[in-house]
file my_file11.cif (mmCIF, C-alpha atoms)
data_query
loop_
_atom_site.label_atom_id
_atom_site.label_comp_id
_atom_site.auth_asym_id
_atom_site.auth_seq_id
_atom_site.Cartn_x
_atom_site.Cartn_y
_atom_site.Cartn_z
CA MET D 270 126.00 115.40 81.28
CA SER D 271 127.52 113.72 78.21
CA ARG D 272 130.97 113.54 79.83
CA TRP D 273 129.37 111.86 82.87
CA LYS D 274 127.69 109.11 80.82
CA TYR D 275 130.42 106.51 81.31
CA PRO D 276 131.36 107.52 84.88
CA LEU D 277 127.70 107.07 85.89
CA ILE D 278 127.58 103.66 84.20
CA LEU D 279 130.76 102.72 86.07
CA LEU D 280 129.22 103.91 89.36
CA GLY D 281 126.19 101.71 88.62
CA GLY D 282 128.46 98.68 88.20
CA ILE D 283 130.33 99.55 91.41
CA GLY D 284 127.01 99.85 93.26
CA ILE D 285 125.72 96.46 92.11
CA SER D 286 129.03 94.79 92.92
CA ASN D 287 129.14 96.44 96.37
CA VAL D 288 125.59 95.38 97.28
CA GLY D 289 126.42 91.85 96.13
CA ALA D 290 129.59 91.82 98.23
CA TRP D 291 127.58 92.63 101.38
CA VAL D 292 125.04 89.92 100.60
CA TYR D 293 127.87 87.42 100.03
CA LEU D 294 129.72 88.39 103.23
CA ILE D 295 126.64 88.14 105.46
CA ALA D 296 125.50 84.90 103.85
CA LEU D 297 128.95 83.31 104.19
CA ASN D 298 129.12 84.41 107.83
CA LEU D 299 125.81 82.69 108.54
CA ILE D 300 126.76 79.53 106.65
CA ILE D 301 130.01 79.15 108.64
CA LEU D 302 128.33 80.10 111.93
CA ASN D 303 125.57 77.53 111.35
CA GLU D 304 128.16 74.87 110.51
CA THR D 305 130.58 75.54 113.37
CA GLY D 306 128.95 77.83 115.94
CA SER D 307 132.45 79.26 116.47
CA PRO D 308 133.35 82.99 116.53
CA LEU D 309 136.94 81.93 115.80
CA ALA D 310 135.79 80.37 112.52
CA ILE D 311 134.23 83.74 111.58
CA ALA D 312 137.41 85.61 112.59
CA LEU D 313 139.43 83.33 110.31
CA LEU D 314 137.15 84.31 107.45
CA TYR D 315 138.01 88.00 107.98
CA ILE D 316 141.75 87.35 108.09
CA LEU D 317 141.56 85.58 104.71
CA GLY D 318 141.13 88.94 102.94
CA PRO D 319 144.46 90.56 103.87
CA ILE D 320 146.30 87.21 103.57
CA ALA D 321 144.91 86.84 100.04
CA THR D 322 146.13 90.37 99.26
CA ILE D 323 149.64 89.45 100.43
CA CYS D 324 149.64 86.32 98.25
CA SER D 325 148.26 87.97 95.10
CA ASN D 326 149.29 91.60 94.93
CA ALA D 327 153.06 91.10 95.11
CA TRP D 328 152.86 90.08 91.43
CA ALA D 329 149.41 91.36 90.35
CA GLY D 330 150.58 94.93 89.69
CA SER D 331 152.98 93.72 86.99
CA LEU D 332 150.01 92.06 85.30
CA ILE D 333 147.59 94.98 85.72
CA ASP D 334 149.91 97.51 84.06
CA ARG D 335 150.44 95.24 81.04
CA VAL D 336 146.93 94.05 80.17
CA ASN D 337 143.64 95.61 79.14
CA THR D 338 142.13 96.71 82.46
CA ARG D 339 138.53 96.60 81.21
CA ARG D 340 138.88 92.99 80.05
CA LEU D 341 140.67 92.04 83.29
CA MET D 342 137.86 93.54 85.40
CA MET D 343 135.25 91.64 83.39
CA GLY D 344 137.24 88.40 83.69
CA ILE D 345 137.64 88.76 87.46
CA ASP D 346 133.91 89.47 87.91
CA VAL D 347 132.94 86.38 85.91
CA PHE D 348 135.55 84.25 87.71
CA ARG D 349 134.32 85.39 91.14
CA ALA D 350 130.70 84.79 90.10
CA ILE D 351 131.48 81.18 89.11
CA CYS D 352 133.41 80.54 92.34
CA ILE D 353 130.63 82.00 94.49
CA ALA D 354 127.99 79.96 92.65
CA LEU D 355 129.94 76.78 93.51
CA ILE D 356 129.92 77.40 97.30
CA PRO D 357 126.52 75.73 98.01
CA PHE D 358 127.72 72.53 96.32
CA LEU D 359 130.97 72.09 98.29
CA PRO D 360 131.15 68.91 100.43
CA SER D 361 132.85 70.37 103.52
CA LEU D 362 133.82 73.63 105.23
CA ILE D 363 137.51 73.37 104.35
CA TYR D 364 136.60 73.70 100.67
CA VAL D 365 134.50 76.78 101.49
CA TYR D 366 137.56 78.42 103.09
CA VAL D 367 139.76 77.52 100.11
CA LEU D 368 137.24 78.93 97.64
CA ALA D 369 136.69 82.03 99.80
CA PHE D 370 140.47 82.57 99.78
CA ILE D 371 140.54 82.34 95.96
CA ILE D 372 137.59 84.77 95.72
CA ASN D 373 139.44 87.19 98.03
CA MET D 374 142.49 86.97 95.79
CA GLY D 375 140.30 87.95 92.84
CA SER D 376 138.87 90.87 94.83
CA ALA D 377 142.39 91.97 95.86
CA ILE D 378 143.44 92.11 92.18
CA PHE D 379 140.18 93.80 91.12
CA GLN D 380 140.68 96.79 93.43
CA PRO D 381 143.93 98.20 91.92
CA THR D 382 142.73 97.23 88.43
CA SER D 383 139.56 99.29 88.86
CA MET D 384 141.61 102.19 90.27
CA VAL D 385 143.80 102.25 87.13
CA TYR D 386 140.72 102.06 84.88
CA MET D 387 138.93 104.85 86.78
CA THR D 388 141.96 107.13 86.62
CA LYS D 389 142.19 106.66 82.85
CA LEU D 390 138.46 107.12 82.33
CA ILE D 391 137.78 110.12 84.60
CA PRO D 392 139.30 113.51 83.66
CA GLU D 393 141.41 115.16 86.36
CA LYS D 394 138.84 117.94 86.94
CA ASP D 395 136.08 115.39 87.71
CA ARG D 396 138.01 112.97 89.94
CA GLN D 397 137.24 114.61 93.28
CA ARG D 398 133.48 114.61 92.58
CA PHE D 399 133.62 111.05 91.21
CA ASN D 400 135.42 109.80 94.34
CA ALA D 401 132.78 111.47 96.53
CA LEU D 402 129.99 109.84 94.49
CA ARG D 403 131.76 106.50 94.77
CA SER D 404 131.78 106.85 98.57
CA PHE D 405 128.06 107.62 98.40
CA ILE D 406 127.39 104.52 96.27
CA ASN D 407 129.46 102.32 98.60
CA SER D 408 127.67 103.66 101.66
CA CYS D 409 124.29 102.99 100.07
CA GLY D 410 125.51 99.44 99.42
CA SER D 411 126.41 99.03 103.09
CA LEU D 412 122.81 99.92 103.99
CA ILE D 413 120.95 98.20 101.14
CA GLY D 414 123.12 95.04 101.05
CA PRO D 415 122.27 93.78 104.57
CA ALA D 416 118.58 94.62 104.00
CA ILE D 417 118.54 92.59 100.77
CA ALA D 418 120.41 89.77 102.51
CA GLY D 419 117.79 89.72 105.28
CA PHE D 420 114.97 89.61 102.75
CA LEU D 421 116.65 86.75 100.86
CA PHE D 422 117.16 84.81 104.11
CA TRP D 423 113.44 85.28 104.83
CA MET D 424 112.56 84.07 101.33
CA GLY D 425 114.97 81.12 101.35
CA THR D 426 118.35 80.30 102.91
CA PRO D 427 121.84 81.85 102.98
CA TYR D 428 122.57 79.74 99.90
CA THR D 429 119.84 81.65 98.03
CA ALA D 430 121.69 84.88 98.84
CA ILE D 431 124.95 83.33 97.61
CA HIS D 432 123.38 82.57 94.21
CA VAL D 433 121.93 86.08 93.98
CA ASN D 434 125.42 87.51 94.55
CA ALA D 435 126.80 85.34 91.73
CA VAL D 436 124.14 86.78 89.42
CA ALA D 437 125.00 90.32 90.59
CA LEU D 438 128.66 89.81 89.65
CA PHE D 439 127.69 88.52 86.20
CA PHE D 440 125.52 91.63 85.80
CA SER D 441 128.43 93.82 86.93
CA ALA D 442 130.61 92.23 84.21
CA LEU D 443 127.94 93.09 81.62
CA ILE D 444 127.93 96.72 82.78
CA ILE D 445 131.74 96.89 82.50
CA MET D 446 131.36 95.55 78.95
CA MET D 447 129.34 98.71 78.12
CA LEU D 448 132.26 100.94 79.15
CA PRO D 449 134.89 102.21 76.67
CA ASN D 450 138.32 100.68 76.18
CA VAL D 451 140.88 103.05 77.77
CA ASP D 452 143.98 100.91 77.10
CA SER D 453 144.74 101.51 73.45
CA ARG D 454 148.53 101.84 73.91
CA LEU D 455 149.54 98.53 75.45
CA GLU D 456 151.07 96.97 72.33
CA GLU D 457 154.67 97.37 73.55
CA THR D 458 153.97 95.70 76.91
CA GLU D 459 151.36 93.04 76.11
CA GLY D 460 153.93 90.83 74.41
CA GLN D 461 156.35 90.78 77.37
CA ARG D 462 156.87 87.45 79.11
CA PHE D 463 155.58 87.37 82.68
CA THR D 464 158.70 86.24 84.57
CA TRP D 465 160.20 86.59 88.03
CA ASP D 466 162.87 88.94 86.61
CA LEU D 467 160.08 91.18 85.27
CA ILE D 468 158.42 91.30 88.70
CA LYS D 469 161.76 92.11 90.41
CA ASN D 470 162.38 94.90 87.92
CA ASP D 471 158.90 96.29 88.61
CA PHE D 472 159.70 96.34 92.34
CA ARG D 473 162.81 98.41 91.51
CA ILE D 474 160.71 100.82 89.39
CA VAL D 475 158.23 101.37 92.24
CA PHE D 476 161.09 101.75 94.76
CA ASN D 477 162.86 104.33 92.57
CA PHE D 478 159.62 106.28 92.04
CA SER D 479 158.98 106.23 95.80
CA LYS D 480 162.50 107.51 96.43
CA ASP D 481 162.25 110.26 93.78
CA TYR D 482 158.76 111.38 94.80
CA THR D 483 159.03 111.07 98.57
CA TYR D 484 156.14 113.46 99.28
CA VAL D 485 153.70 111.46 97.14
CA THR D 486 154.83 108.27 98.90
CA LYS D 487 154.46 109.93 102.31
CA ILE D 488 150.84 110.90 101.64
CA TYR D 489 150.04 107.41 100.34
CA LEU D 490 151.59 105.83 103.45
CA LEU D 491 149.37 108.09 105.59
CA PHE D 492 146.40 106.80 103.57
CA SER D 493 147.52 103.21 104.23
CA GLY D 494 147.98 104.05 107.92
CA THR D 495 144.40 105.33 108.07
CA THR D 496 143.12 102.08 106.53
CA ILE D 497 145.25 99.95 108.90
CA PHE D 498 144.07 101.77 112.05
CA MET D 499 140.41 101.77 111.01
CA THR D 500 140.42 98.05 110.18
CA ALA D 501 142.18 97.07 113.41
CA ILE D 502 140.05 99.29 115.68
CA ASP D 503 136.86 98.22 113.89
CA SER D 504 137.62 94.61 114.83
CA LEU D 505 136.71 95.54 118.45
CA GLU D 506 133.61 97.54 117.58
CA ALA D 507 130.98 94.76 117.71
CA ALA D 508 132.40 93.27 120.92
CA PHE D 509 132.54 96.75 122.50
CA ALA D 510 128.94 97.61 121.54
CA LYS D 511 127.52 94.26 122.64
CA GLY D 512 129.79 93.32 125.54
CA VAL D 513 130.75 96.63 127.16
CA LEU D 514 127.81 98.92 126.30
CA SER D 515 125.28 96.04 126.45
CA ILE D 516 123.51 97.33 123.32
CA SER D 517 120.69 95.14 121.99
CA ASP D 518 120.75 93.63 118.50
CA THR D 519 118.14 96.17 117.36
CA ASN D 520 120.10 99.16 118.67
CA TYR D 521 123.31 97.76 117.21
CA GLY D 522 121.54 97.68 113.84
CA PHE D 523 120.58 101.34 114.40
CA LEU D 524 124.23 102.17 115.15
CA LEU D 525 125.26 100.69 111.81
CA SER D 526 122.53 102.73 110.13
CA VAL D 527 123.83 105.89 111.82
CA PHE D 528 127.31 105.09 110.47
CA GLY D 529 125.84 104.65 106.98
CA ALA D 530 123.91 107.92 107.31
CA GLY D 531 127.15 109.71 108.23
CA ILE D 532 128.82 108.38 105.09
CA ILE D 533 125.85 109.33 102.89
CA ILE D 534 125.65 112.91 104.23
CA GLY D 535 129.43 113.35 104.02
CA SER D 536 129.51 111.98 100.47
CA ILE D 537 126.70 114.31 99.35
CA ILE D 538 128.51 117.35 100.79
CA ASN D 539 131.74 116.20 99.10
CA SER D 540 130.10 115.77 95.70
CA VAL D 541 128.06 119.02 95.82
CA PHE D 542 130.97 121.19 97.03
CA SER D 543 133.81 119.35 95.27
CA LYS D 544 135.04 122.55 93.59
CA GLN D 545 135.15 124.47 96.88
CA LEU D 546 136.74 121.79 99.09
CA ALA D 547 140.56 121.69 98.95
CA VAL D 548 142.11 118.24 98.71
CA ASN D 549 144.71 118.93 101.41
CA LEU D 550 142.01 119.97 103.91
CA LEU D 551 140.00 116.86 103.05
CA ILE D 552 143.03 114.74 103.93
CA GLY D 553 144.14 116.55 107.10
CA ILE D 554 140.79 117.48 108.69
CA GLY D 555 139.10 114.26 107.51
CA THR D 556 141.73 112.03 109.12
CA ILE D 557 141.71 113.94 112.42
CA PHE D 558 137.92 113.96 112.77
CA THR D 559 137.69 110.27 111.86
CA SER D 560 140.03 109.47 114.74
CA LEU D 561 138.06 111.79 117.05
CA GLY D 562 134.95 109.78 116.16
CA TYR D 563 136.66 106.62 117.44
CA ILE D 564 137.70 108.42 120.65
CA VAL D 565 134.08 109.50 121.23
CA LEU D 566 132.84 105.97 120.49
CA TYR D 567 135.23 104.20 122.88
CA SER D 568 134.63 106.85 125.57
CA SER D 569 130.86 106.33 125.42
CA SER D 570 128.82 104.76 128.21
CA GLY D 571 125.72 103.68 126.28
CA PHE D 572 123.80 103.74 123.01
CA PHE D 573 123.00 107.48 122.92
CA SER D 574 126.54 108.59 123.78
CA ALA D 575 127.95 106.21 121.12
CA VAL D 576 125.75 107.63 118.32
CA PRO D 577 127.73 110.91 117.80
CA GLY D 578 131.01 109.00 117.57
CA VAL D 579 129.68 106.49 115.06
CA PHE D 580 128.13 109.26 112.94
CA LEU D 581 131.36 111.30 113.03
CA ILE D 582 133.41 108.30 111.86
CA GLY D 583 131.14 107.76 108.86
CA PHE D 584 130.88 111.48 108.09
CA ALA D 585 134.58 112.34 108.37
CA VAL D 586 136.01 109.28 106.63
CA THR D 587 134.31 110.26 103.36
CA PHE D 588 136.31 113.51 103.35
CA ALA D 589 139.57 111.72 104.13
CA ASN D 590 139.01 109.00 101.51
CA THR D 591 137.99 111.48 98.80
CA GLY D 592 141.08 113.58 99.47
CA TYR D 593 143.52 110.68 99.58
CA LEU D 594 142.12 108.99 96.46
CA THR D 595 142.09 112.23 94.45
CA PHE D 596 145.70 112.97 95.43
CA TYR D 597 146.71 109.38 94.56
CA GLN D 598 145.05 109.50 91.13
CA ASN D 599 146.65 112.84 90.31
CA HIS D 600 150.20 112.13 91.49
CA VAL D 601 150.95 108.45 90.85
CA PRO D 602 151.54 107.89 87.09
CA VAL D 603 148.74 105.77 85.65
CA ARG D 604 151.27 103.71 83.63
CA MET D 605 152.61 102.25 86.90
CA MET D 606 149.61 102.70 89.18
CA GLY D 607 148.81 98.99 89.19
CA ARG D 608 152.30 98.10 90.41
CA PHE D 609 152.48 100.96 92.93
CA GLY D 610 149.07 100.24 94.48
CA SER D 611 149.52 96.46 94.50
CA ILE D 612 152.97 96.46 96.10
CA PHE D 613 151.97 98.92 98.81
CA SER D 614 148.73 96.98 99.43
CA VAL D 615 150.85 93.93 100.33
CA ILE D 616 152.64 95.97 103.01
CA GLU D 617 149.31 97.41 104.16
CA ALA D 618 147.72 93.95 104.42
CA GLY D 619 150.64 92.66 106.48
CA PHE D 620 150.26 95.50 108.98
CA ILE D 621 146.47 94.98 109.08
CA VAL D 622 146.91 91.31 110.04
CA ALA D 623 149.60 92.13 112.63
CA LEU D 624 147.81 95.08 114.25
CA THR D 625 144.41 93.34 114.26
CA ILE D 626 145.91 90.29 116.02
CA LEU D 627 147.81 92.56 118.46
CA ILE D 628 144.70 94.59 119.32
CA GLY D 629 142.59 91.44 119.64
CA LEU D 630 145.08 89.82 122.02
CA ALA D 631 145.45 93.03 124.04
CA ALA D 632 141.65 93.33 124.38
CA GLU D 633 141.52 89.71 125.52
CA LEU D 634 144.27 90.20 128.14
CA ILE D 635 143.30 93.69 129.37
CA SER D 636 139.81 94.84 128.34
CA ILE D 637 138.17 96.27 125.24
CA ARG D 638 137.63 99.93 126.23
CA PRO D 639 141.24 100.90 127.16
CA VAL D 640 142.65 99.07 124.13
CA GLY D 641 140.10 100.79 121.87
CA LEU D 642 140.99 104.18 123.35
CA ILE D 643 144.75 103.61 123.03
CA GLY D 644 144.26 102.61 119.38
CA SER D 645 142.02 105.65 118.79
CA PHE D 646 144.54 108.08 120.32
CA ALA D 647 147.34 106.51 118.24
CA PHE D 648 145.12 107.05 115.20
CA PHE D 649 144.64 110.70 116.30
CA LEU D 650 148.43 111.16 116.30
CA LEU D 651 148.44 109.85 112.73
CA GLY D 652 145.77 112.47 111.93
CA LEU D 653 148.02 115.22 113.31
CA LEU D 654 150.86 113.93 111.12
CA ALA D 655 148.52 114.00 108.10
CA LEU D 656 147.44 117.59 108.83
CA ASN D 657 151.06 118.68 109.24
CA ALA D 658 152.04 116.87 106.02
CA VAL D 659 149.46 118.70 103.88
CA SER D 660 149.91 122.15 105.48
CA GLY D 661 152.44 124.81 104.57
CA ALA D 662 153.03 126.99 101.54
CA LYS D 663 155.66 124.69 100.00
CA ARG D 664 153.16 121.83 99.66
CA GLN D 665 150.31 123.84 98.09
CA GLU D 666 151.57 123.17 94.54
CA TYR D 667 150.44 119.55 94.99
CA PHE D 668 146.89 120.60 95.86
CA LYS D 669 146.08 123.68 93.75
CA LYS D 670 142.88 123.44 91.70
CA GLY D 671 143.81 123.15 88.05
CA ALA D 672 147.48 122.53 88.77
CA PRO D 673 149.05 120.06 86.33
CA SER D 674 149.14 116.48 87.57
CA LEU D 675 150.91 113.37 86.33
CA ASN D 676 147.59 111.96 85.11
CA SER D 677 145.89 115.05 83.64
#
call {"tool": "encode", "arguments": {"input": "my_file11.cif", "output": "structure tokens"}}
result
Amino acid sequence: MSRWKYPLILLGGIGISNVGAWVYLIALNLIILNETGSPLAIALLYILGPIATICSNAWAGSLIDRVNTRRLMMGIDVFRAICIALIPFLPSLIYVYVLAFIINMGSAIFQPTSMVYMTKLIPEKDRQRFNALRSFINSCGSLIGPAIAGFLFWMGTPYTAIHVNAVALFFSALIIMMLPNVDSRLEETEGQRFTWDLIKNDFRIVFNFSKDYTYVTKIYLLFSGTTIFMTAIDSLEAAFAKGVLSISDTNYGFLLSVFGAGIIIGSIINSVFSKQLAVNLLIGIGTIFTSLGYIVLYSSSGFFSAVPGVFLIGFAVTFANTGYLTFYQNHVPVRMMGRFGSIFSVIEAGFIVALTILIGLAAELISIRPVGLIGSFAFFLLGLLALNAVSGAKRQEYFKKGAPSLNS
């Protein structure tokens, strides 16, 4: 257990931050809905995330790989906490959007920073189990967060929930402070001037790595494709459940709980059997069955026929995510992981915005069910590509248990 002391502390910080993020998101949704009464205003809030990623992560990777990741994570948590605490005092909605955009930029930088820190902290043999536990913690947050938000709304107002989230982020920063420093060899890079030429050179480094290690890049692009499809198809999910299936608010809440239960059960199986489950099978089978879950969901005719699809999505995506993340941590050098992840996240965010808008317009012009099914079948084709990419004897050297990795 001694080697799991710090990983468990880190998981605790991730859990608190994740619960707080749900409370913040729901509270901000209610604040904007109460102010405007417009679904379009809510949709704009969701687009801010990927746009913030595009604006921040083109240069953030160059920063992440040259600073102390633990201190950067603490700084971002404190900065986000202060920004969130200011929201109730803003004079108009335009300022709320501006501040929400800045908070999203901080979150976009935090994600690759935490990935670099985790890869340095967690030994290669423990990464698969850690990633499964992280999925479990995140899924618990998706269930507990809305419940806490509802309780806080009952006790006070959405602004009360906003303040609680600010406190949660401060607490998360304190937990990160308890973790060890893993960046003891940054002396040669910390003194470098942060210039446009440096950023351009970093783009060349990532491009050359991607060209030299085409298989690693291919698997990461499949991971990005999974995220893009899930985000875009998910944008129709609430409208499909409420408008097409005519599911009540209560049953819709149950559907979300079923999704969370799928993630929890899948994460437990992943963590318990991490030594028996091969990473390549997690990637291939997990991606295919996630897409099948969407096909079942958008083929359903009511609440009970939608439940298996929603459960399968939650269950299968934990396997896919655990496999992809473990492969990524083992095969992208940690010294350039910040730049690699940040640059590719910009491309990913651009496709998310484009595909989400395309699917939304298509659903508006045609109808939700056929568009959802077309998107789900396209996602299934991506799953077949993923299964083909990780199969075959020549590729097994990338997935063998105990095989040397770039970040062992």
call {"tool": "residues_around", "arguments": {"input": "my_file11.cif", "residues": "Gly289 in chain D", "least_positions_apart": "2", "cutoff": "8 Å", "atoms": "all atoms listed in the file", "output": "PyMOL selection string"}}
result
chain D and resi 285-287+291-293+414+433-435+437-438
call {"tool": "residues_around", "arguments": {"input": "my_file11.cif", "residues": "Gln598 in chain D", "least_positions_apart": "3", "cutoff": "8 Å", "atoms": "all atoms listed in the file", "output": "list in words"}}
result
Thr388, Arg396, Leu594, Thr595, Val601, Pro602, Val603 and Asn676 of chain D
call {"tool": "residues_around", "arguments": {"input": "my_file11.cif", "residues": "Ile300 in chain D", "least_positions_apart": "2", "cutoff": "10 Å", "atoms": "all atoms listed in the file", "output": "PyMOL selection string"}}
result
chain D and resi 294-298+302-306+311+357+362+365+426-428+431
call {"tool": "axis_aligned_box", "arguments": {"input": "my_file11.cif", "around": "range 368-386 of chain D", "padding_each_side": "5 Å", "output": "JSON"}}
result
{"center_x": 140.3, "center_y": 90.6, "center_z": 92.3, "size_x": 17.2, "size_y": 33.3, "size_z": 24.9}
call {"tool": "resolve_selection", "arguments": {"input": "my_file11.cif", "expression": "the PyMOL selection byres ((chain D and resi 474-484) around 12)", "output": "PyMOL selection string"}}
result
chain D and resi 327+330-331+467-473+485-491+596-597+600-602+604-613+655+658-659+663-667+675
call {"tool": "closest_residue", "arguments": {"input": "my_file11.cif", "among": "D:Leu650, D:Met499, D:Val541, D:Ala510", "to": "Gly553 in chain D", "atoms": "all atoms listed in the file"}}
result
D:Leu650
call {"tool": "resolve_selection", "arguments": {"input": "my_file11.cif", "expression": "the PyMOL selection byres ((chain D and resi 320-326) around 12)", "output": "PyMOL selection string"}}
result
chain D and resi 313-319+327-333+366-382+468+472+607-623
call {"tool": "atom_distance", "arguments": {"input": "my_file11.cif", "atom1": "CA of Lys511 in chain D", "atom2": "CA of Met424 in chain D"}}
result
28.0 Å
call {"tool": "decode", "arguments": {"input": "my_file11.cif", "residues": "range 484-514 of chain D", "atoms": "C-alpha atoms", "output": "tab-separated table (two decimals), in the first residue's frame"}}
result
chain	number	residue	atom	x	y	z
D	484	TYR	CA	1.62	3.97	-34.90
D	485	VAL	CA	1.55	5.85	-31.58
D	486	THR	CA	0.05	8.87	-33.38
D	487	LYS	CA	-2.53	6.65	-35.09
D	488	ILE	CA	-3.77	5.22	-31.79
D	489	TYR	CA	-3.93	8.69	-30.24
D	490	LEU	CA	-5.94	9.99	-33.20
D	491	LEU	CA	-8.38	7.10	-32.71
D	492	PHE	CA	-8.67	8.19	-29.07
D	493	SER	CA	-9.38	11.76	-30.20
D	494	GLY	CA	-11.91	10.44	-32.72
D	495	THR	CA	-13.73	8.58	-29.93
D	496	THR	CA	-13.91	11.78	-27.86
D	497	ILE	CA	-15.12	13.83	-30.86
D	498	PHE	CA	-17.90	11.37	-31.77
D	499	MET	CA	-19.08	10.94	-28.18
D	500	THR	CA	-19.23	14.69	-27.55
D	501	ALA	CA	-21.08	15.42	-30.79
D	502	ILE	CA	-23.59	12.55	-30.44
D	503	ASP	CA	-24.13	13.36	-26.75
D	504	SER	CA	-25.28	16.85	-27.76
D	505	LEU	CA	-28.48	15.22	-29.12
D	506	GLU	CA	-29.05	12.91	-26.17
D	507	ALA	CA	-31.21	15.17	-23.97
D	508	ALA	CA	-33.34	16.34	-26.90
D	509	PHE	CA	-33.77	12.73	-28.07
D	510	ALA	CA	-34.78	11.46	-24.61
D	511	LYS	CA	-37.19	14.31	-23.92
D	512	GLY	CA	-38.49	15.14	-27.40
D	513	VAL	CA	-38.53	11.82	-29.25
D	514	LEU	CA	-38.94	9.24	-26.46
